[in-house]
Amino acid sequence: IGFVWYAVTFMTAMFRLKNCRKTGFARCAASAKTSLPMNKSENRQMNKSRIKAVLLLPVNAVIVIPALILLFSQQQVGLAFNLLSFVGLAVWCGGLGLVWRTVALFGRQKKGFIAPWNPPAELIIAGPYRYVRNPMISGVGFMLLGEVMLFINDGLAVWFLLFATVNAVYIPLVEEPRLLKRFGTAYALYRAEVPRWIPRLHPWSGEALEAKEKK
């Protein structure tokens, strides 16, 4: 059931992405912006749409599907209070921090959604994106790994491996070539300095990119 839920969500995202490719990413991204001040009703509606778009995949991946896996699991479900569980909790909290900072960043900047069907119109290199290129995916991955360590459940382990495998194939083979095509040298410089999955210790300053833009 959990896998079917994720598959339906993923196919919905891909359908919207296909429509974006037909109409142009710039037009899709422009739909997430407002050139005129919005009234309270419009602003409230936009915030609702933004929250749905931002949290649709993370909530399903981290909460809904793991809960369904544990619910239908044949293994005994429980938390073990040992070193592994405390490490798992730390990993889970670290992932939550990445997800939260990414959501907060897009909430402040209001430059598109964290969703493939409504991408930002410009390359975002701020906040968690100075540490890792895919903070949302990395954050969700860390949270899923933390859940595996907390519950020691085979189903959760399979779900984590499936999530990691899909993104390990999709990101470098599909998403990154599209970003390189859209942003060119700017993204190439960013990709060369910032890791794909594991955050770097210190934020990237972006000096090389700023120097290029000044020329």
# chains A, B, ... in the order shown; residues from 1 in each chain; ligands from 1
$ residues_around --residues "Gly94 (chain A)" --least-positions-apart "2" --cutoff "8 Å" --atoms "only C-alpha atoms" --output "MDAnalysis selection string"
chainID A and resid 90:92 96:98 139 142:143
$ write_last_selection --atoms "C-alpha atoms" --output "compact mmCIF listing (two decimals), in the first residue's frame"
# COMPACT_ATOMS: atom_id res chain seq x y z
CA ALA A 90 20.54 12.06 15.76
CA VAL A 91 20.54 11.16 12.05
CA TRP A 92 16.76 11.64 11.89
CA LEU A 96 14.64 17.04 9.69
CA GLY A 97 16.84 20.10 10.03
CA LEU A 98 17.76 19.97 6.35
CA GLY A 139 17.16 15.36 4.43
CA PHE A 142 18.69 10.84 6.46
CA MET A 143 15.30 10.69 8.15
$ closest_residue --among "A:Phe163, A:Phe81, A:Trp197, A:Phe183" --to "Pro66 (chain A)" --atoms "only C-alpha atoms"
A:Phe163
$ residues_around --residues "Asp154 (chain A)" --least-positions-apart "3" --cutoff "10 Å" --atoms "only C-alpha atoms" --output "list of chain:residue names"
A:Ile69, A:Leu70, A:Ser73, A:Gln74, A:Gln75, A:Val148, A:Phe151, A:Ala157, A:Val158, A:Trp159, A:Phe160
